[in-house]
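A short worksheet on the structure shown next.
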Protein chains: 2
Amino acid sequence: MASDTFPAVAGSAPAQYHHGDLPNVLRQAAADLLAERGVAGFSLREVARRAGVSHAAPAHHFGDARGLLTAVAVEAFQYLTRASEAASSGIADPVEALARLARAYVTVSVEHPGHCAIAFRSDAVAVDDPAYHEWGQRAFGVLLSAIERLGRDRAPDLDVEMAAALCWATVQGLTTIHAPLEAMADRQDRTVPPIGDLAEDFTRLLVTGLVGPE
Amino acid sequence: MASDTFPAVAGSAPAQYHHGDLPNVLRQAAADLLAERGVAGFSLREVARRAGVSHAAPAHHFGDARGLLTAVAVEAFQYLTRASEAASSGIADPVEALARLARAYVTVSVEHPGHCAIAFRSDAVAVDDPAYHEWGQRAFGVLLSAIERLGRDRAPDLDVEMAAALCWATVQGLTTIHAPLEAMADRQDRTVPPIGDLAEDFTRLLVTGLVGPE
DNA sequence: GCCCCATCTGGACGCTGACAAGTTGCCATC
DNA sequence: GATGGCAACTTGTCAGCGTCCAGATGGGGC
């Protein structure tokens with residue numbers, strides 16, 4: 001079976017084994033399946049089927065279902081880190097940087113629904129996995145440094161850790177309740193603003209609460 | 001099999017069928033199991049085993065696994081509604097009322113971890129279930145009326161719906177990320193404040209952002 | 001006293017994740 | 001250039017799962 005039957009996904013390791021680039025293919029298939037059917041509809045065997053390999057192949061690379069899901073969660077944090085860094089780099093105003101960070105966060109959750117569906121499911125993911133921890137912290141770090149800049153500029157005694165937790169919680173909570181909120185609004189012929197706009201608005205409000213107006 | 005073998009849980013319907021009060025017993029067993037093993041470790045047959053009935057009994061009352069999980073989610077919103085009403089009733093100051101609401105929310109999520117683990121899992125719950133919708137709105141309504149009072153007192157042009165969504169998102173997000181946050185802090189010998197304190201602090205900050213200081 | 005029907009049981013089916021044993025094919029070594 | 005080792009993958013097996021179905025059970029209305 002030639003390696004070009006399963007072309008490596010962008011940026012992945014070279015295809016050098018029997019199958020090609022199976023770990024990446026499996027991760028992608030898992031993310032697709034999660035996006036389609038949610039965590040409840042996830043199945044290792046369906047992932048294997050979509051990757052065109054036997055049902056036991058994933059175990060060889062990821063140990064078990066939890067291992068594969070953890071790998072997807074790590075990738076979620078990688079996407080998040082990359083998007084956050086791109087969104088906030090070069091933005092001088094810390095408030096503007098935070099607003100863009102919030103928009104980037106929900107954008108990732110919209111563009112990678114499978115990844116983000118699993119990222120915080122501590123019952124299905126090995127939260128003590130070193131890579132999970134490392135990339136979670138790295139994503140958090142981007143937010144943290146933006147808050148630090150805000151503190152330096154506007155409120156030297158700001159509790160940076162707590163403020164960052166507040167921002168993360170708000171935006172994460174928004175991704176959780178936005179769909180139910182829309183469903184409720186639909187029943188009453190109301191509409192809910194786009195999630196990206198809400199994320200920015202929420203963040204500007206939070207900043208006002210944290211360091212005062214102006 | 002005498003009905004007193006399975007005493008009815010507090011406030012439930014009288015035991016009048018073969019088994020007694022099976023729907024309530026099953027709901028409670030499901031919530032316990034969810035609290036112990038999370039959504040990923042949930043199993044209809046284990047619930048039936050704990051209730052002392054055959055593996056097919058739950059289907060008769062709840063249709064399928066989704067039906068039982070939906071019933072638990074509805075109960076989560078009922079707890080939430082009751083706790084919210086108790087926490088905010090009789091509190092004149094709307095800011096204080098909101099702070100107590102936030103604390104009540106996370107308290108429910110701590111005291112009923114099984115229920116709250118499933119409440120927003122739209123992949124595992126029938127989110128278009130009428131009861132789910134009704135009780136979700138009812139819980140949201142308590143928050144909404146507290147925000148309305150805040151707007152009347154302090155900011156007549158406040159967007160009440162959006163402000164309520166912001167508060168809910170923040171507190172819900174807090175319940176999602178508090179455990180991971182604690183795990184991260186542990187690795188660095190830091191500590192995270194109790195979730196109830198954070199919920200109150202966050203809410204007071206949000207209020208400042210929404211309607212200004214004072 | 002009888003029947004009806006909601007309630008619950010036990011068995012069957014296809015699917016699942018995990019494990020064990022065997023097969024394939026690359027690569028280094030002799 | 002044959003050989004041995006080893007990672008990658010397959011095949012087979014197992015218990016457990018959710019759901020469907022036919023049948024047993026027992027309380028309430030007639």
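Note on naming: chains are A, B, ... as they come in the structure tokens, residues start from 1 per chain, ligands start from 1 in the order shown.
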
Give me, as JSON lines, the closest atom pair and its distance (Å, one decimal) for every residue of chain D within a cut-off of 10 Å of chain A, counting only C-alpha atoms (C1' of nucleotides), rows sorted by chain and rising number.
```
{"residue": "D:DA7", "atom": "C1'", "partner": "A:Tyr17", "partner_atom": "CA", "distance": 8.6}
{"residue": "D:DA8", "atom": "C1'", "partner": "A:His18", "partner_atom": "CA", "distance": 6.4}
{"residue": "D:DC9", "atom": "C1'", "partner": "A:Ala57", "partner_atom": "CA", "distance": 6.1}
{"residue": "D:DT10", "atom": "C1'", "partner": "A:Ser54", "partner_atom": "CA", "distance": 6.5}
{"residue": "D:DT11", "atom": "C1'", "partner": "A:Ser54", "partner_atom": "CA", "distance": 8.9}
```

Got time to write the residues from that selection, C-alpha atoms (C1' of nucleotides), as a PDB file, in the first residue's frame?
```pdb
ATOM      1  C1'  DA D   7       7.234  -1.682  14.742  1.00  0.00           C
ATOM      2  C1'  DA D   8       2.810  -1.539  12.365  1.00  0.00           C
ATOM      3  C1'  DC D   9      -1.232  -3.546  11.537  1.00  0.00           C
ATOM      4  C1'  DT D  10      -4.897  -7.548  11.188  1.00  0.00           C
ATOM      5  C1'  DT D  11      -7.824 -11.062  12.750  1.00  0.00           C
TER       6       DT D  11
END
```

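The shell of residues at most 7 Å from segment 123-138 of chain A, with only C-alpha atoms (C1' of nucleotides) counted and near chain neighbours (fewer than 6 positions) removed, consists of Arg66, Leu69, Thr70, Val74, Phe77, Gln78 and Thr81 of chain A; Gly38, Val39 and Ala40 of chain B.
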
With N, CA and C atoms retained, could you export that selection as a CSV table (one decimal), in the first residue's frame?
```
chain,number,residue,atom,x,y,z
A,66,ARG,N,-9.7,6.7,25.3
A,66,ARG,CA,-9.3,7.9,26.1
A,66,ARG,C,-8.0,8.5,25.5
A,69,LEU,N,-8.9,10.4,22.3
A,69,LEU,CA,-9.6,11.6,22.7
A,69,LEU,C,-8.7,12.7,23.3
A,70,THR,N,-7.8,12.2,24.1
A,70,THR,CA,-6.8,13.1,24.7
A,70,THR,C,-6.0,13.8,23.7
A,74,VAL,N,-5.6,17.8,23.0
A,74,VAL,CA,-4.3,18.5,23.0
A,74,VAL,C,-4.3,19.3,21.7
A,77,PHE,N,-6.1,22.5,22.1
A,77,PHE,CA,-5.3,23.6,22.8
A,77,PHE,C,-4.2,24.1,21.8
A,78,GLN,N,-3.7,23.3,20.9
A,78,GLN,CA,-2.7,23.8,20.0
A,78,GLN,C,-3.4,24.8,19.0
A,81,THR,N,-3.9,27.9,21.0
A,81,THR,CA,-2.7,28.7,21.2
A,81,THR,C,-2.3,29.5,20.0
B,38,GLY,N,-19.0,10.1,35.6
B,38,GLY,CA,-19.1,11.0,34.5
B,38,GLY,C,-20.0,10.5,33.4
B,39,VAL,N,-20.3,11.4,32.4
B,39,VAL,CA,-21.2,11.0,31.3
B,39,VAL,C,-20.6,9.8,30.6
B,40,ALA,N,-19.2,9.8,30.4
B,40,ALA,CA,-18.6,8.8,29.6
B,40,ALA,C,-18.7,7.4,30.3
```

Chain C contacts to chain B at 8 Å (only C-alpha atoms (C1' of nucleotides)) as a list in words: DT7, DC8 and DT9 of chain C

Using only C-alpha atoms (C1' of nucleotides), determine which residues lie at most 12 Å from segment 205-211 of chain B, disregarding the query and same-chain residues fewer than 3 positions distant; provide the list as an MDAnalysis selection string. (chainID A and resid 162:163 166:167 170 201:214) or (chainID B and resid 94:99 102 146:160 162:171 198:202 214)

Hey, can you check how far atom CA of Asp21 of chain A sits from atom CA of Ala73 of chain A?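 Atom-to-atom, atom CA of Asp21 of chain A to atom CA of Ala73 of chain A, that is 19.1 Å.
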
Closest pair table for chain D residues within 12 Å of segment 13-29 of chain C, only C-alpha atoms (C1' of nucleotides), as a Markdown table:
```
| residue | atom | partner | partner_atom | distance |
| --- | --- | --- | --- | --- |
| D:DG1 | C1' | C:DT29 | C1' | 11.7 |
| D:DA2 | C1' | C:DT29 | C1' | 10.9 |
| D:DT3 | C1' | C:DT29 | C1' | 8.7 |
| D:DG4 | C1' | C:DT29 | C1' | 8.6 |
| D:DG5 | C1' | C:DA28 | C1' | 8.9 |
| D:DC6 | C1' | C:DC26 | C1' | 9.3 |
| D:DA7 | C1' | C:DC26 | C1' | 8.9 |
| D:DA8 | C1' | C:DT24 | C1' | 8.2 |
| D:DC9 | C1' | C:DT24 | C1' | 7.6 |
| D:DT10 | C1' | C:DT23 | C1' | 7.1 |
| D:DT11 | C1' | C:DG22 | C1' | 7.8 |
| D:DG12 | C1' | C:DA21 | C1' | 8.6 |
| D:DT13 | C1' | C:DA20 | C1' | 8.5 |
| D:DC14 | C1' | C:DC19 | C1' | 8.4 |
| D:DA15 | C1' | C:DA18 | C1' | 9.7 |
| D:DG16 | C1' | C:DT16 | C1' | 8.3 |
| D:DC17 | C1' | C:DT16 | C1' | 6.9 |
| D:DG18 | C1' | C:DC15 | C1' | 8.8 |
| D:DT19 | C1' | C:DC13 | C1' | 8.9 |
| D:DC20 | C1' | C:DC13 | C1' | 8.4 |
| D:DC21 | C1' | C:DC13 | C1' | 10.6 |
```

May I have the selected residues written with N, CA and C atoms (P, O5', C5', C4', C3', O3' and C1' of nucleotides), as a compact mmCIF listing (two decimals), in the first residue's frame?
```txt
# COMPACT_ATOMS: atom_id res chain seq x y z
P DG D 1 22.80 -8.93 -4.21
O5' DG D 1 21.84 -10.12 -3.78
C5' DG D 1 22.35 -11.43 -3.57
C4' DG D 1 21.85 -11.96 -2.23
C3' DG D 1 20.35 -11.74 -2.02
O3' DG D 1 19.88 -12.75 -1.13
C1' DG D 1 21.49 -10.63 -0.35
P DA D 2 19.16 -14.00 -1.72
O5' DA D 2 18.67 -14.67 -0.35
C5' DA D 2 19.38 -15.76 0.17
C4' DA D 2 19.73 -15.51 1.63
C3' DA D 2 18.57 -15.72 2.62
O3' DA D 2 18.98 -16.68 3.59
C1' DA D 2 19.71 -13.69 3.08
P DT D 3 18.00 -17.24 4.64
O5' DT D 3 18.23 -16.26 5.87
C5' DT D 3 19.55 -16.08 6.38
C4' DT D 3 19.47 -15.26 7.66
C3' DT D 3 18.20 -15.50 8.47
O3' DT D 3 18.52 -15.56 9.86
C1' DT D 3 18.42 -13.20 8.00
P DG D 4 17.55 -16.29 10.85
O5' DG D 4 17.52 -15.27 12.07
C5' DG D 4 18.69 -14.51 12.39
C4' DG D 4 18.29 -13.18 13.01
C3' DG D 4 17.10 -13.28 13.96
O3' DG D 4 17.41 -12.58 15.16
C1' DG D 4 16.68 -11.63 12.29
P DG D 5 16.44 -12.50 16.38
O5' DG D 5 15.97 -10.97 16.34
C5' DG D 5 16.95 -9.93 16.21
C4' DG D 5 16.26 -8.59 16.09
C3' DG D 5 15.06 -8.43 17.05
O3' DG D 5 15.08 -7.11 17.56
C1' DG D 5 14.35 -8.09 14.83
P DC D 6 14.21 -6.74 18.88
O5' DC D 6 13.39 -5.45 18.41
C5' DC D 6 13.79 -4.72 17.25
C4' DC D 6 12.58 -4.10 16.57
C3' DC D 6 11.32 -4.01 17.46
O3' DC D 6 10.73 -2.76 17.27
C1' DC D 6 10.79 -5.04 15.43
P DA D 7 9.94 -2.06 18.51
O5' DA D 7 9.05 -0.94 17.82
C5' DA D 7 9.59 -0.10 16.82
C4' DA D 7 8.68 -0.06 15.61
C3' DA D 7 7.25 0.38 15.93
O3' DA D 7 6.85 1.37 15.00
C1' DA D 7 7.23 -1.68 14.74
P DA D 8 5.42 2.08 15.06
O5' DA D 8 4.56 1.23 14.02
C5' DA D 8 4.96 1.21 12.66
C4' DA D 8 3.96 0.42 11.85
C3' DA D 8 2.50 0.79 12.13
O3' DA D 8 1.83 0.92 10.88
C1' DA D 8 2.81 -1.54 12.36
P DC D 9 0.35 1.60 10.87
O5' DC D 9 -0.58 0.32 10.85
C5' DC D 9 -0.56 -0.51 9.70
C4' DC D 9 -1.13 -1.86 10.01
C3' DC D 9 -2.59 -1.92 10.43
O3' DC D 9 -3.38 -2.32 9.32
C1' DC D 9 -1.23 -3.55 11.54
P DT D 10 -4.93 -2.71 9.55
O5' DT D 10 -4.85 -4.27 9.78
C5' DT D 10 -4.22 -5.11 8.81
C4' DT D 10 -4.57 -6.57 9.07
C3' DT D 10 -6.06 -6.86 9.23
O3' DT D 10 -6.39 -8.05 8.52
C1' DT D 10 -4.90 -7.55 11.19
P DT D 11 -7.90 -8.42 8.22
O5' DT D 11 -8.18 -9.73 9.09
C5' DT D 11 -7.14 -10.69 9.29
C4' DT D 11 -7.43 -11.52 10.52
C3' DT D 11 -8.93 -11.78 10.78
O3' DT D 11 -9.13 -13.18 10.85
C1' DT D 11 -7.82 -11.06 12.75
P DG D 12 -10.57 -13.80 11.02
O5' DG D 12 -10.60 -14.12 12.59
C5' DG D 12 -9.50 -14.81 13.18
C4' DG D 12 -9.70 -14.93 14.68
C3' DG D 12 -11.14 -15.20 15.12
O3' DG D 12 -11.13 -16.24 16.10
C1' DG D 12 -10.29 -13.31 16.26
P DT D 13 -12.50 -16.85 16.68
O5' DT D 13 -12.57 -16.22 18.15
C5' DT D 13 -11.41 -16.27 18.98
C4' DT D 13 -11.65 -15.45 20.24
C3' DT D 13 -13.05 -15.60 20.85
O3' DT D 13 -12.94 -16.06 22.18
C1' DT D 13 -12.40 -13.32 20.74
P DC D 14 -14.23 -16.65 22.93
O5' DC D 14 -14.53 -15.51 24.02
C5' DC D 14 -13.49 -15.08 24.89
C4' DC D 14 -13.88 -13.76 25.53
C3' DC D 14 -15.33 -13.71 25.98
O3' DC D 14 -15.41 -13.86 27.39
C1' DC D 14 -14.64 -11.68 24.87
P DA D 15 -16.85 -14.15 28.04
O5' DA D 15 -17.20 -12.74 28.69
C5' DA D 15 -16.23 -12.06 29.49
C4' DA D 15 -16.59 -10.59 29.60
C3' DA D 15 -17.99 -10.33 30.17
O3' DA D 15 -17.94 -9.21 31.04
C1' DA D 15 -17.80 -9.33 28.04
P DG D 16 -19.22 -8.78 31.91
O5' DG D 16 -19.70 -7.41 31.25
C5' DG D 16 -18.80 -6.35 31.09
C4' DG D 16 -19.42 -5.27 30.21
C3' DG D 16 -20.88 -4.96 30.56
O3' DG D 16 -21.03 -3.56 30.75
C1' DG D 16 -20.65 -5.40 28.24
P DC D 17 -22.40 -2.92 31.25
O5' DC D 17 -23.00 -2.28 29.92
C5' DC D 17 -22.27 -1.25 29.25
C4' DC D 17 -22.88 -1.00 27.89
C3' DC D 17 -24.38 -0.79 27.92
O3' DC D 17 -24.66 0.58 28.08
C1' DC D 17 -23.66 -2.18 26.06
P DG D 18 -26.18 1.05 28.30
O5' DG D 18 -26.79 0.97 26.83
C5' DG D 18 -26.41 1.93 25.87
C4' DG D 18 -27.28 1.80 24.64
C3' DG D 18 -28.76 2.04 24.90
O3' DG D 18 -29.32 2.74 23.79
C1' DG D 18 -28.44 -0.17 24.10
P DT D 19 -30.83 3.23 23.82
O5' DT D 19 -31.60 2.10 22.99
C5' DT D 19 -31.19 1.81 21.66
C4' DT D 19 -31.90 0.57 21.15
C3' DT D 19 -33.43 0.57 21.34
O3' DT D 19 -34.04 0.43 20.08
C1' DT D 19 -32.48 -1.50 21.98
P DC D 20 -35.60 0.75 19.89
O5' DC D 20 -36.21 -0.70 19.57
C5' DC D 20 -35.62 -1.47 18.51
C4' DC D 20 -35.99 -2.93 18.65
C3' DC D 20 -37.49 -3.19 18.84
O3' DC D 20 -37.95 -4.05 17.80
C1' DC D 20 -36.19 -4.44 20.39
P DC D 21 -39.52 -4.30 17.57
O5' DC D 21 -39.80 -5.68 18.30
C5' DC D 21 -38.95 -6.80 18.04
C4' DC D 21 -39.30 -7.95 18.96
C3' DC D 21 -40.79 -8.07 19.26
O3' DC D 21 -41.25 -9.37 18.92
C1' DC D 21 -39.50 -8.17 21.26
```

Using atom CA of Gly67 of chain B and atom CA of Arg49 of chain B as the two end points, give the distance in Å to one decimal.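 That distance, rounded to one decimal, is 17.8 Å.
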
Residue list (alpha helix (DSSP H), DSSP) for segment 48-179 of chain A, as an MDAnalysis selection string: chainID A and resid 48:51 57:62 65:88 94:111 113:118 130:154 160:179

Nearest residue to chain A out of B:Gln28, B:Ser145, B:Gln172, B:Gln188, using only C-alpha atoms? B:Gln172

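Coordinates place atom CA of Ala48 of chain B at a distance of 8.1 Å from atom CA of Ala29 of chain B.
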
Among the residues A:Ile195, A:Val108, A:Met184, A:Ala76, the one that comes closest to chain B [using only C-alpha atoms]: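 Under the stated criterion, the closest residue is A:Met184.
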
Which is closest to chain B among A:Ala83, A:Ala104, A:Leu143, A:Ala183, if we use only C-alpha atoms?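 Result for the nearest residue to chain B: A:Ala183.
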